[in-house]
>>> print(open('input_25.pdb').read())   # PDB, C-alpha atoms
ATOM      1  CA  MET O   1      45.561  91.236 100.325  1.00  0.00           C
ATOM      2  CA  ASN O   2      46.366  89.318 103.444  1.00  0.00           C
ATOM      3  CA  ASN O   3      49.590  88.216 101.881  1.00  0.00           C
ATOM      4  CA  SER O   4      50.614  91.787 101.155  1.00  0.00           C
ATOM      5  CA  ILE O   5      49.845  92.880 104.733  1.00  0.00           C
ATOM      6  CA  SER O   6      51.788  89.943 106.014  1.00  0.00           C
ATOM      7  CA  GLU O   7      54.734  90.806 103.751  1.00  0.00           C
ATOM      8  CA  THR O   8      54.709  94.405 104.918  1.00  0.00           C
ATOM      9  CA  THR O   9      54.638  93.259 108.522  1.00  0.00           C
ATOM     10  CA  ASP O  10      57.484  90.860 107.846  1.00  0.00           C
ATOM     11  CA  LYS O  11      59.557  93.629 106.276  1.00  0.00           C
ATOM     12  CA  ALA O  12      58.878  95.945 109.208  1.00  0.00           C
ATOM     13  CA  ALA O  13      59.848  93.185 111.625  1.00  0.00           C
ATOM     14  CA  ALA O  14      63.031  92.504 109.631  1.00  0.00           C
ATOM     15  CA  ALA O  15      63.905  96.224 109.591  1.00  0.00           C
ATOM     16  CA  ALA O  16      63.391  96.410 113.359  1.00  0.00           C
ATOM     17  CA  ALA O  17      65.544  93.336 113.919  1.00  0.00           C
ATOM     18  CA  HIS O  18      68.218  94.580 111.479  1.00  0.00           C
ATOM     19  CA  PRO O  19      68.150  98.378 111.417  1.00  0.00           C
ATOM     20  CA  PRO O  20      69.753  99.868 108.278  1.00  0.00           C
ATOM     21  CA  THR O  21      73.478 100.476 108.450  1.00  0.00           C
ATOM     22  CA  VAL O  22      76.308 101.827 106.330  1.00  0.00           C
ATOM     23  CA  HIS O  23      79.824 100.442 106.233  1.00  0.00           C
ATOM     24  CA  LEU O  24      82.472 103.117 106.839  1.00  0.00           C
ATOM     25  CA  LEU O  25      86.056 103.029 105.532  1.00  0.00           C
ATOM     26  CA  PHE O  26      88.777 105.159 107.109  1.00  0.00           C
ATOM     27  CA  PHE O  27      92.155 105.934 105.557  1.00  0.00           C
ATOM     28  CA  ALA O  28      95.471 107.433 106.613  1.00  0.00           C
ATOM     29  CA  ALA O  29      95.188 110.105 109.342  1.00  0.00           C
ATOM     30  CA  VAL O  30      91.446 109.480 109.780  1.00  0.00           C
ATOM     31  CA  ARG O  31      92.040 105.734 110.180  1.00  0.00           C
ATOM     32  CA  GLU O  32      94.625 106.429 112.869  1.00  0.00           C
ATOM     33  CA  GLN O  33      92.343 108.849 114.694  1.00  0.00           C
ATOM     34  CA  MET O  34      89.462 106.384 114.621  1.00  0.00           C
ATOM     35  CA  GLY O  35      91.721 103.510 115.673  1.00  0.00           C
ATOM     36  CA  THR O  36      90.217 101.247 112.991  1.00  0.00           C
ATOM     37  CA  ALA O  37      90.047 100.945 109.191  1.00  0.00           C
ATOM     38  CA  ALA O  38      86.333 100.122 109.058  1.00  0.00           C
ATOM     39  CA  ARG O  39      83.153 100.358 111.094  1.00  0.00           C
ATOM     40  CA  GLU O  40      79.432  99.710 110.702  1.00  0.00           C
ATOM     41  CA  VAL O  41      77.102 102.518 111.809  1.00  0.00           C
ATOM     42  CA  ALA O  42      73.341 102.991 111.902  1.00  0.00           C
ATOM     43  CA  LEU O  43      71.840 104.865 108.944  1.00  0.00           C
ATOM     44  CA  LYS O  44      69.281 107.557 109.730  1.00  0.00           C
ATOM     45  CA  PRO O  45      66.688 108.699 107.184  1.00  0.00           C
ATOM     46  CA  GLY O  46      68.159 111.302 104.837  1.00  0.00           C
ATOM     47  CA  ASP O  47      71.737 110.642 105.944  1.00  0.00           C
ATOM     48  CA  THR O  48      74.487 111.947 103.641  1.00  0.00           C
ATOM     49  CA  PRO O  49      78.305 111.635 103.805  1.00  0.00           C
ATOM     50  CA  LEU O  50      78.301 115.034 105.515  1.00  0.00           C
ATOM     51  CA  THR O  51      75.827 114.099 108.274  1.00  0.00           C
ATOM     52  CA  VAL O  52      77.556 110.766 108.934  1.00  0.00           C
ATOM     53  CA  ALA O  53      80.999 112.426 109.029  1.00  0.00           C
ATOM     54  CA  GLU O  54      79.771 115.019 111.510  1.00  0.00           C
ATOM     55  CA  ARG O  55      78.172 112.345 113.695  1.00  0.00           C
ATOM     56  CA  VAL O  56      81.047 109.843 113.597  1.00  0.00           C
ATOM     57  CA  LEU O  57      84.143 112.036 113.199  1.00  0.00           C
ATOM     58  CA  GLY O  58      82.868 115.277 114.716  1.00  0.00           C
ATOM     59  CA  SER O  59      83.775 117.192 111.550  1.00  0.00           C
ATOM     60  CA  ALA O  60      83.853 116.753 107.781  1.00  0.00           C
ATOM     61  CA  ARG O  61      86.421 119.484 107.217  1.00  0.00           C
ATOM     62  CA  SER O  62      88.789 118.848 104.280  1.00  0.00           C
ATOM     63  CA  LEU O  63      87.346 115.382 103.545  1.00  0.00           C
ATOM     64  CA  LEU O  64      86.138 113.997 100.225  1.00  0.00           C
ATOM     65  CA  PHE O  65      83.696 111.084 100.056  1.00  0.00           C
ATOM     66  CA  ALA O  66      83.275 107.899  98.038  1.00  0.00           C
ATOM     67  CA  VAL O  67      80.220 105.650  98.077  1.00  0.00           C
ATOM     68  CA  ASN O  68      80.709 102.100  96.816  1.00  0.00           C
ATOM     69  CA  ASP O  69      84.107 103.200  95.424  1.00  0.00           C
ATOM     70  CA  ASP O  70      82.804 106.185  93.423  1.00  0.00           C
ATOM     71  CA  LEU O  71      83.437 109.795  94.422  1.00  0.00           C
ATOM     72  CA  VAL O  72      80.205 111.537  95.472  1.00  0.00           C
ATOM     73  CA  SER O  73      79.201 114.958  96.740  1.00  0.00           C
ATOM     74  CA  ALA O  74      78.789 115.628 100.460  1.00  0.00           C
ATOM     75  CA  ASP O  75      74.995 115.777 100.083  1.00  0.00           C
ATOM     76  CA  HIS O  76      74.601 112.417  98.285  1.00  0.00           C
ATOM     77  CA  VAL O  77      71.755 110.526  99.996  1.00  0.00           C
ATOM     78  CA  LEU O  78      72.999 107.235 101.440  1.00  0.00           C
ATOM     79  CA  GLN O  79      71.222 103.902 101.075  1.00  0.00           C
ATOM     80  CA  PRO O  80      71.259 100.965 103.503  1.00  0.00           C
ATOM     81  CA  GLY O  81      74.302  98.788 102.902  1.00  0.00           C
ATOM     82  CA  ASP O  82      76.335 101.519 101.179  1.00  0.00           C
ATOM     83  CA  ARG O  83      80.088 101.547 101.680  1.00  0.00           C
ATOM     84  CA  LEU O  84      81.108 105.110 102.580  1.00  0.00           C
ATOM     85  CA  ALA O  85      84.789 106.052 102.474  1.00  0.00           C
ATOM     86  CA  PHE O  86      86.152 109.198 104.125  1.00  0.00           C
ATOM     87  CA  ILE O  87      88.998 110.521 102.001  1.00  0.00           C
ATOM     88  CA  PRO O  88      91.482 112.896 103.630  1.00  0.00           C
ATOM     89  CA  PRO O  89      93.579 115.234 101.432  1.00  0.00           C
ATOM     90  CA  MET O  90      95.475 113.069  98.961  1.00  0.00           C
ATOM     91  CA  ALA O  91      99.228 113.023  98.386  1.00  0.00           C
ATOM     92  CA  GLY O  92      99.745 110.784  95.359  1.00  0.00           C
ATOM     93  CA  GLY O  93     102.849 110.498  93.232  1.00  0.00           C
TER      94      GLY O  93
ATOM     95  CA  MET Q   1      96.521  99.168  80.331  1.00  0.00           C
ATOM     96  CA  LEU Q   2      98.460  98.011  83.360  1.00  0.00           C
ATOM     97  CA  ILE Q   3      97.403  99.332  86.786  1.00  0.00           C
ATOM     98  CA  GLU Q   4      99.087  97.682  89.720  1.00  0.00           C
ATOM     99  CA  VAL Q   5      99.411  98.337  93.453  1.00  0.00           C
ATOM    100  CA  THR Q   6     102.157  96.414  95.209  1.00  0.00           C
ATOM    101  CA  ASP Q   7     103.745  96.244  98.640  1.00  0.00           C
ATOM    102  CA  GLN Q   8     106.958  94.910  97.075  1.00  0.00           C
ATOM    103  CA  SER Q   9     109.771  96.843  95.332  1.00  0.00           C
ATOM    104  CA  ILE Q  10     108.563  98.085  91.937  1.00  0.00           C
ATOM    105  CA  ASP Q  11     110.033  96.313  88.921  1.00  0.00           C
ATOM    106  CA  ALA Q  12     110.254  99.265  86.512  1.00  0.00           C
ATOM    107  CA  GLY Q  13     111.249  96.901  83.696  1.00  0.00           C
ATOM    108  CA  ARG Q  14     107.802  95.321  83.870  1.00  0.00           C
ATOM    109  CA  ALA Q  15     106.136  98.668  83.131  1.00  0.00           C
ATOM    110  CA  LEU Q  16     108.551  99.336  80.234  1.00  0.00           C
ATOM    111  CA  ASP Q  17     108.102  95.848  78.785  1.00  0.00           C
ATOM    112  CA  TYR Q  18     104.334  96.200  79.070  1.00  0.00           C
ATOM    113  CA  VAL Q  19     104.128  99.368  76.955  1.00  0.00           C
ATOM    114  CA  ARG Q  20     106.783  98.638  74.282  1.00  0.00           C
ATOM    115  CA  HIS Q  21     105.364  97.865  70.842  1.00  0.00           C
ATOM    116  CA  ARG Q  22     106.588  97.550  67.248  1.00  0.00           C
ATOM    117  CA  SER Q  23     104.395 100.469  66.207  1.00  0.00           C
ATOM    118  CA  CYS Q  24     105.949 102.775  68.814  1.00  0.00           C
ATOM    119  CA  GLY Q  25     109.126 104.775  68.405  1.00  0.00           C
ATOM    120  CA  ALA Q  26     108.874 106.286  71.875  1.00  0.00           C
ATOM    121  CA  VAL Q  27     108.531 105.101  75.456  1.00  0.00           C
ATOM    122  CA  ALA Q  28     108.406 107.847  78.106  1.00  0.00           C
ATOM    123  CA  PHE Q  29     109.004 106.890  81.709  1.00  0.00           C
ATOM    124  CA  PHE Q  30     108.601 108.543  85.119  1.00  0.00           C
ATOM    125  CA  GLU Q  31     109.740 107.207  88.479  1.00  0.00           C
ATOM    126  CA  GLY Q  32     108.946 108.986  91.747  1.00  0.00           C
ATOM    127  CA  ASP Q  33     111.567 108.153  94.388  1.00  0.00           C
ATOM    128  CA  ILE Q  34     111.747 108.760  98.131  1.00  0.00           C
ATOM    129  CA  ARG Q  35     113.995 111.767  98.716  1.00  0.00           C
ATOM    130  CA  GLU Q  36     116.207 112.168 101.760  1.00  0.00           C
ATOM    131  CA  THR Q  37     114.865 115.658 102.545  1.00  0.00           C
ATOM    132  CA  ASN Q  38     111.528 117.463 102.316  1.00  0.00           C
ATOM    133  CA  GLU Q  39     111.013 121.183 102.940  1.00  0.00           C
ATOM    134  CA  GLY Q  40     114.621 121.368 104.103  1.00  0.00           C
ATOM    135  CA  GLU Q  41     114.234 118.671 106.758  1.00  0.00           C
ATOM    136  CA  ALA Q  42     115.657 115.174 106.856  1.00  0.00           C
ATOM    137  CA  VAL Q  43     113.286 112.352 105.930  1.00  0.00           C
ATOM    138  CA  ILE Q  44     113.881 108.890 107.385  1.00  0.00           C
ATOM    139  CA  SER Q  45     111.217 106.903 105.531  1.00  0.00           C
ATOM    140  CA  LEU Q  46     107.740 107.165 104.061  1.00  0.00           C
ATOM    141  CA  GLU Q  47     104.594 105.052 104.516  1.00  0.00           C
ATOM    142  CA  TYR Q  48     102.214 104.790 101.554  1.00  0.00           C
ATOM    143  CA  GLU Q  49      98.541 103.956 101.915  1.00  0.00           C
ATOM    144  CA  VAL Q  50      96.270 103.333  98.892  1.00  0.00           C
ATOM    145  CA  TYR Q  51      92.486 103.028  98.568  1.00  0.00           C
ATOM    146  CA  GLU Q  52      92.910 100.479  95.814  1.00  0.00           C
ATOM    147  CA  ALA Q  53      89.358 100.165  94.430  1.00  0.00           C
ATOM    148  CA  LEU Q  54      89.040 103.927  93.943  1.00  0.00           C
ATOM    149  CA  PHE Q  55      92.682 104.193  92.819  1.00  0.00           C
ATOM    150  CA  ARG Q  56      91.974 101.854  89.904  1.00  0.00           C
ATOM    151  CA  LYS Q  57      88.904 103.832  88.867  1.00  0.00           C
ATOM    152  CA  VAL Q  58      90.618 107.227  89.011  1.00  0.00           C
ATOM    153  CA  VAL Q  59      93.747 106.048  87.174  1.00  0.00           C
ATOM    154  CA  SER Q  60      91.544 104.458  84.475  1.00  0.00           C
ATOM    155  CA  GLN Q  61      89.696 107.771  84.129  1.00  0.00           C
ATOM    156  CA  ILE Q  62      92.975 109.714  83.752  1.00  0.00           C
ATOM    157  CA  ALA Q  63      94.160 107.153  81.166  1.00  0.00           C
ATOM    158  CA  ALA Q  64      90.907 107.625  79.205  1.00  0.00           C
ATOM    159  CA  GLU Q  65      91.494 111.392  79.219  1.00  0.00           C
ATOM    160  CA  ILE Q  66      95.017 110.793  77.874  1.00  0.00           C
ATOM    161  CA  LYS Q  67      93.781 108.533  75.082  1.00  0.00           C
ATOM    162  CA  ASP Q  68      91.217 111.186  74.093  1.00  0.00           C
ATOM    163  CA  ARG Q  69      93.930 113.797  73.899  1.00  0.00           C
ATOM    164  CA  TRP Q  70      97.083 112.084  72.626  1.00  0.00           C
ATOM    165  CA  ALA Q  71      97.796 109.252  70.197  1.00  0.00           C
ATOM    166  CA  VAL Q  72      99.379 106.954  72.760  1.00  0.00           C
ATOM    167  CA  HIS Q  73      99.596 103.194  72.385  1.00  0.00           C
ATOM    168  CA  GLU Q  74      99.795 101.830  75.938  1.00  0.00           C
ATOM    169  CA  ILE Q  75      99.999 103.025  79.539  1.00  0.00           C
ATOM    170  CA  ALA Q  76     101.414 101.315  82.635  1.00  0.00           C
ATOM    171  CA  VAL Q  77     101.167 102.547  86.240  1.00  0.00           C
ATOM    172  CA  ILE Q  78     102.694 100.701  89.200  1.00  0.00           C
ATOM    173  CA  GLN Q  79     102.077 102.173  92.662  1.00  0.00           C
ATOM    174  CA  ARG Q  80     103.780 101.159  95.894  1.00  0.00           C
ATOM    175  CA  SER Q  81     102.046 100.731  99.225  1.00  0.00           C
ATOM    176  CA  GLY Q  82     103.626 100.051 102.603  1.00  0.00           C
ATOM    177  CA  HIS Q  83     106.773 101.369 104.257  1.00  0.00           C
ATOM    178  CA  LEU Q  84     109.397 102.770 101.853  1.00  0.00           C
ATOM    179  CA  GLN Q  85     112.997 103.749 102.477  1.00  0.00           C
ATOM    180  CA  ILE Q  86     115.089 106.561 100.945  1.00  0.00           C
ATOM    181  CA  GLY Q  87     115.746 105.820  97.275  1.00  0.00           C
ATOM    182  CA  ASP Q  88     112.811 103.419  96.879  1.00  0.00           C
ATOM    183  CA  ALA Q  89     110.434 104.048  93.981  1.00  0.00           C
ATOM    184  CA  GLY Q  90     106.905 105.027  95.087  1.00  0.00           C
ATOM    185  CA  ILE Q  91     105.388 105.284  91.621  1.00  0.00           C
ATOM    186  CA  VAL Q  92     106.374 104.241  88.123  1.00  0.00           C
ATOM    187  CA  ILE Q  93     104.617 105.390  84.938  1.00  0.00           C
ATOM    188  CA  ALA Q  94     105.407 104.315  81.366  1.00  0.00           C
ATOM    189  CA  VAL Q  95     103.657 105.431  78.177  1.00  0.00           C
ATOM    190  CA  SER Q  96     104.375 104.380  74.598  1.00  0.00           C
ATOM    191  CA  SER Q  97     103.453 106.201  71.387  1.00  0.00           C
ATOM    192  CA  PRO Q  98     104.528 106.224  67.745  1.00  0.00           C
ATOM    193  CA  HIS Q  99     106.294 109.592  68.255  1.00  0.00           C
ATOM    194  CA  ARG Q 100     108.028 111.095  71.288  1.00  0.00           C
ATOM    195  CA  ARG Q 101     105.934 114.204  71.912  1.00  0.00           C
ATOM    196  CA  GLU Q 102     102.725 112.303  72.713  1.00  0.00           C
ATOM    197  CA  ALA Q 103     104.406 109.939  75.170  1.00  0.00           C
ATOM    198  CA  LEU Q 104     106.282 112.752  76.935  1.00  0.00           C
ATOM    199  CA  GLU Q 105     103.211 114.969  77.276  1.00  0.00           C
ATOM    200  CA  ALA Q 106     101.044 112.063  78.409  1.00  0.00           C
ATOM    201  CA  VAL Q 107     103.467 111.097  81.190  1.00  0.00           C
ATOM    202  CA  ALA Q 108     103.636 114.709  82.390  1.00  0.00           C
ATOM    203  CA  TYR Q 109      99.824 114.961  82.399  1.00  0.00           C
ATOM    204  CA  LEU Q 110      99.444 111.638  84.194  1.00  0.00           C
ATOM    205  CA  ILE Q 111     101.762 112.457  87.084  1.00  0.00           C
ATOM    206  CA  GLU Q 112     100.299 115.956  87.570  1.00  0.00           C
ATOM    207  CA  GLU Q 113      96.721 114.635  87.659  1.00  0.00           C
ATOM    208  CA  PHE Q 114      97.869 111.741  89.798  1.00  0.00           C
ATOM    209  CA  LYS Q 115      99.077 114.090  92.525  1.00  0.00           C
ATOM    210  CA  LYS Q 116      95.718 115.875  92.621  1.00  0.00           C
ATOM    211  CA  ARG Q 117      93.246 113.037  92.153  1.00  0.00           C
ATOM    212  CA  VAL Q 118      94.387 109.572  93.190  1.00  0.00           C
ATOM    213  CA  PRO Q 119      93.616 108.271  96.703  1.00  0.00           C
ATOM    214  CA  VAL Q 120      97.152 107.734  97.933  1.00  0.00           C
ATOM    215  CA  TRP Q 121      98.448 109.026 101.269  1.00  0.00           C
ATOM    216  CA  LYS Q 122     101.974 109.384 102.572  1.00  0.00           C
ATOM    217  CA  LYS Q 123     103.103 109.397 106.167  1.00  0.00           C
ATOM    218  CA  GLU Q 124     106.476 111.025 106.496  1.00  0.00           C
ATOM    219  CA  HIS Q 125     108.817 109.812 109.195  1.00  0.00           C
ATOM    220  CA  ARG Q 126     111.260 112.540 110.230  1.00  0.00           C
ATOM    221  CA  PRO Q 127     113.278 112.903 113.396  1.00  0.00           C
ATOM    222  CA  GLY Q 128     110.445 113.558 115.889  1.00  0.00           C
ATOM    223  CA  GLN Q 129     106.759 113.020 115.175  1.00  0.00           C
ATOM    224  CA  PRO Q 130     105.662 111.267 111.964  1.00  0.00           C
ATOM    225  CA  LYS Q 131     103.208 113.327 109.899  1.00  0.00           C
ATOM    226  CA  TRP Q 132     100.634 112.614 107.178  1.00  0.00           C
ATOM    227  CA  ILE Q 133     101.435 114.881 104.231  1.00  0.00           C
ATOM    228  CA  ASN Q 134      98.726 117.518 103.492  1.00  0.00           C
ATOM    229  CA  TRP Q 135      96.913 116.789 106.771  1.00  0.00           C
ATOM    230  CA  GLU Q 136      96.591 119.016 109.810  1.00  0.00           C
ATOM    231  CA  PRO Q 137      95.156 117.221 112.870  1.00  0.00           C
ATOM    232  CA  GLN Q 138      91.698 118.680 113.397  1.00  0.00           C
ATOM    233  CA  LEU Q 139      89.250 115.914 114.241  1.00  0.00           C
ATOM    234  CA  PRO Q 140      88.303 115.466 117.885  1.00  0.00           C
ATOM    235  CA  GLN Q 141      89.918 112.435 119.473  1.00  0.00           C
ATOM    236  CA  LYS Q 142      87.535 109.504 119.823  1.00  0.00           C
TER     237      LYS Q 142
END
>>> encode(input="input_25.pdb", output="structure tokens")
Amino acid sequence: MNNSISETTDKAAAAAAHPPTVHLLFFAAVREQMGTAAREVALKPGDTPLTVAERVLGSARSLLFAVNDDLVSADHVLQPGDRLAFIPPMAGG
Amino acid sequence: MLIEVTDQSIDAGRALDYVRHRSCGAVAFFEGDIRETNEGEAVISLEYEVYEALFRKVVSQIAAEIKDRWAVHEIAVIQRSGHLQIGDAGIVIAVSSPHRREALEAVAYLIEEFKKRVPVWKKEHRPGQPKWINWEPQLPQK
């Protein structure tokens, strides 16, 4: 019992010392506008690609999203440590 | 299957050699080159940017769709990244199959899907301001 309380306390202390984050990847025009190809940001409870894009970029208009290198919907719930890529309109070929 | 992203000139022969096989009477090939004009305006050069991890997944998915649909033997895709000049190849695709129709249709399908689905971006340098293709500036400056 004591052990479990102590573990919980330890986890809470660890979370406070290292708040959850997501790793952002920027490409092409978005990368240029952000002035960097990657950034770490704090993760808030319930965050999705849409909420992070609005907070970090100001808008999610015309973007697609990938989490850990898989395409996801804008309302996909993010987990601590996820790698979120903002994907501007593509121009392959 | 061969999927490659390179910042060096594409060796198209590598893609052709990769797909050729004794069982195949057909190899279909597509090369996308940098054109000197776009929408009636002169183009000086083109920068390619690739999200490689996702690129590999999406191209593999398109290849799986092709193998479900056509009796093809092998597929090779080589994509350029970096700064390309007029006449440089940006993309090379080769597909082999026992008979010509399958290889030709598979190459056409691959390049059409490629344009819609693969995470590749092009920055066009023209006289004046360079511009990312398909992108209108809209995000607030940070």
>>> interface_residues(input="input_25.pdb", of="chain O", to="chain Q", cutoff="7 Å", atoms="all atoms listed in the file", output="MDAnalysis selection string")
chainID O and resid 28:29 33:34 57:59 69:70 89:93
>>> atom_distance(input="input_25.pdb", atom1="CA of Arg20 (chain Q)", atom2="CA of Gln8 (chain Q)")
23.1 Å
>>> resolve_selection(input="input_25.pdb", expression="the PyMOL selection byres ((chain Q and resi 76) around 10)", output="list in words")
Met1, Leu2, Ile3, Glu4, Ala12, Arg14, Ala15, Leu16, Asp17, Tyr18, Val19, Phe29, Ala63, Glu74, Ile75, Val77, Ile78, Val92, Ile93, Ala94, Val95 and Ser96 of chain Q
>>> closest_residue(input="input_25.pdb", among="O:Pro19, O:Val72, O:Ala42, O:Glu32", to="Val56 (chain O)", atoms="only C-alpha atoms")
O:Ala42
>>> residues_around(input="input_25.pdb", residues="His76 (chain O)", least_positions_apart="3", cutoff="12 Å", atoms="only C-alpha atoms", output="PDB file with C-alpha atoms, keeping the file's coordinate frame")
ATOM      1  CA  GLY O  46      68.159 111.302 104.837  1.00  0.00           C
ATOM      2  CA  ASP O  47      71.737 110.642 105.944  1.00  0.00           C
ATOM      3  CA  THR O  48      74.487 111.947 103.641  1.00  0.00           C
ATOM      4  CA  PRO O  49      78.305 111.635 103.805  1.00  0.00           C
ATOM      5  CA  LEU O  50      78.301 115.034 105.515  1.00  0.00           C
ATOM      6  CA  THR O  51      75.827 114.099 108.274  1.00  0.00           C
ATOM      7  CA  VAL O  52      77.556 110.766 108.934  1.00  0.00           C
ATOM      8  CA  LEU O  64      86.138 113.997 100.225  1.00  0.00           C
ATOM      9  CA  PHE O  65      83.696 111.084 100.056  1.00  0.00           C
ATOM     10  CA  ALA O  66      83.275 107.899  98.038  1.00  0.00           C
ATOM     11  CA  VAL O  67      80.220 105.650  98.077  1.00  0.00           C
ATOM     12  CA  ASP O  70      82.804 106.185  93.423  1.00  0.00           C
ATOM     13  CA  LEU O  71      83.437 109.795  94.422  1.00  0.00           C
ATOM     14  CA  VAL O  72      80.205 111.537  95.472  1.00  0.00           C
ATOM     15  CA  SER O  73      79.201 114.958  96.740  1.00  0.00           C
ATOM     16  CA  GLN O  79      71.222 103.902 101.075  1.00  0.00           C
ATOM     17  CA  ASP O  82      76.335 101.519 101.179  1.00  0.00           C
ATOM     18  CA  LEU O  84      81.108 105.110 102.580  1.00  0.00           C
TER      19      LEU O  84
END
>>> residues_around(input="input_25.pdb", residues="Val30 (chain O)", least_positions_apart="5", cutoff="9 Å", atoms="all atoms listed in the file", output="PyMOL selection string")
(chain O and resi 35-37+57+86-88) or (chain Q and resi 139)
>>> resolve_selection(input="input_25.pdb", expression="the PyMOL selection byres ((chain Q and resi 126) around 8)", output="number ranges by chain")
Q: 41-45, 124-125, 127-130
>>> write_last_selection(input="input_25.pdb", atoms="C-alpha atoms", output="compact mmCIF listing (two decimals), in the frame of the given file")
# COMPACT_ATOMS: atom_id res chain seq x y z
CA GLU Q 41 114.23 118.67 106.76
CA ALA Q 42 115.66 115.17 106.86
CA VAL Q 43 113.29 112.35 105.93
CA ILE Q 44 113.88 108.89 107.38
CA SER Q 45 111.22 106.90 105.53
CA GLU Q 124 106.48 111.02 106.50
CA HIS Q 125 108.82 109.81 109.20
CA PRO Q 127 113.28 112.90 113.40
CA GLY Q 128 110.44 113.56 115.89
CA GLN Q 129 106.76 113.02 115.18
CA PRO Q 130 105.66 111.27 111.96
>>> atom_distance(input="input_25.pdb", atom1="CA of Gly25 (chain Q)", atom2="CA of Val5 (chain Q)")
27.6 Å
>>> closest_residue(input="input_25.pdb", among="Q:His73, Q:Ala106, Q:Ser60, Q:Arg101", to="Arg22 (chain Q)", atoms="all atoms listed in the file")
Q:His73
>>> atom_distance(input="input_25.pdb", atom1="CA of Glu105 (chain Q)", atom2="CA of Arg69 (chain Q)")
9.9 Å
>>> resolve_selection(input="input_25.pdb", expression="the PyMOL selection byres ((chain O and resi 22) around 7)", output="ChimeraX atom specification")
/O:21,23-24,40-43,80-84
>>> axis_aligned_box(input="input_25.pdb", around="region 30-39 of chain O", padding_each_side="5 Å", output="JSON")
{"center_x": 88.9, "center_y": 104.8, "center_z": 112.4, "size_x": 21.5, "size_y": 19.4, "size_z": 16.6}
>>> build_atoms(input="input_25.pdb", residues="region 58-62 of chain O", atoms="all heavy atoms", output="PDB file, in the coordinates of the input")
ATOM      1  N   GLY O  58      82.950 113.976 114.053  1.00  0.00           N
ATOM      2  CA  GLY O  58      82.868 115.277 114.716  1.00  0.00           C
ATOM      3  C   GLY O  58      83.016 116.427 113.733  1.00  0.00           C
ATOM      4  O   GLY O  58      82.643 117.548 114.030  1.00  0.00           O
ATOM      5  N   SER O  59      83.563 116.141 112.545  1.00  0.00           N
ATOM      6  CA  SER O  59      83.775 117.192 111.550  1.00  0.00           C
ATOM      7  C   SER O  59      83.991 116.541 110.194  1.00  0.00           C
ATOM      8  O   SER O  59      84.501 115.428 110.113  1.00  0.00           O
ATOM      9  CB  SER O  59      85.012 118.006 111.917  1.00  0.00           C
ATOM     10  OG  SER O  59      85.456 118.755 110.797  1.00  0.00           O
ATOM     11  N   ALA O  60      83.611 117.262 109.129  1.00  0.00           N
ATOM     12  CA  ALA O  60      83.853 116.753 107.781  1.00  0.00           C
ATOM     13  C   ALA O  60      84.890 117.625 107.072  1.00  0.00           C
ATOM     14  O   ALA O  60      85.095 117.498 105.881  1.00  0.00           O
ATOM     15  CB  ALA O  60      82.554 116.747 106.990  1.00  0.00           C
ATOM     16  N   ARG O  61      85.531 118.495 107.831  1.00  0.00           N
ATOM     17  CA  ARG O  61      86.421 119.484 107.217  1.00  0.00           C
ATOM     18  C   ARG O  61      87.543 118.805 106.424  1.00  0.00           C
ATOM     19  O   ARG O  61      88.162 117.876 106.898  1.00  0.00           O
ATOM     20  CB  ARG O  61      87.017 120.379 108.309  1.00  0.00           C
ATOM     21  CG  ARG O  61      87.630 121.646 107.774  1.00  0.00           C
ATOM     22  CD  ARG O  61      87.482 122.776 108.785  1.00  0.00           C
ATOM     23  NE  ARG O  61      88.109 122.428 110.059  1.00  0.00           N
ATOM     24  CZ  ARG O  61      89.323 122.821 110.407  1.00  0.00           C
ATOM     25  NH1 ARG O  61      90.032 123.542 109.597  1.00  0.00           N
ATOM     26  NH2 ARG O  61      89.811 122.480 111.579  1.00  0.00           N
ATOM     27  N   SER O  62      87.741 119.266 105.220  1.00  0.00           N
ATOM     28  CA  SER O  62      88.789 118.848 104.280  1.00  0.00           C
ATOM     29  C   SER O  62      88.667 117.394 103.797  1.00  0.00           C
ATOM     30  O   SER O  62      89.582 116.882 103.176  1.00  0.00           O
ATOM     31  CB  SER O  62      90.194 119.125 104.821  1.00  0.00           C
ATOM     32  OG  SER O  62      90.488 118.276 105.890  1.00  0.00           O
TER      33      SER O  62
END
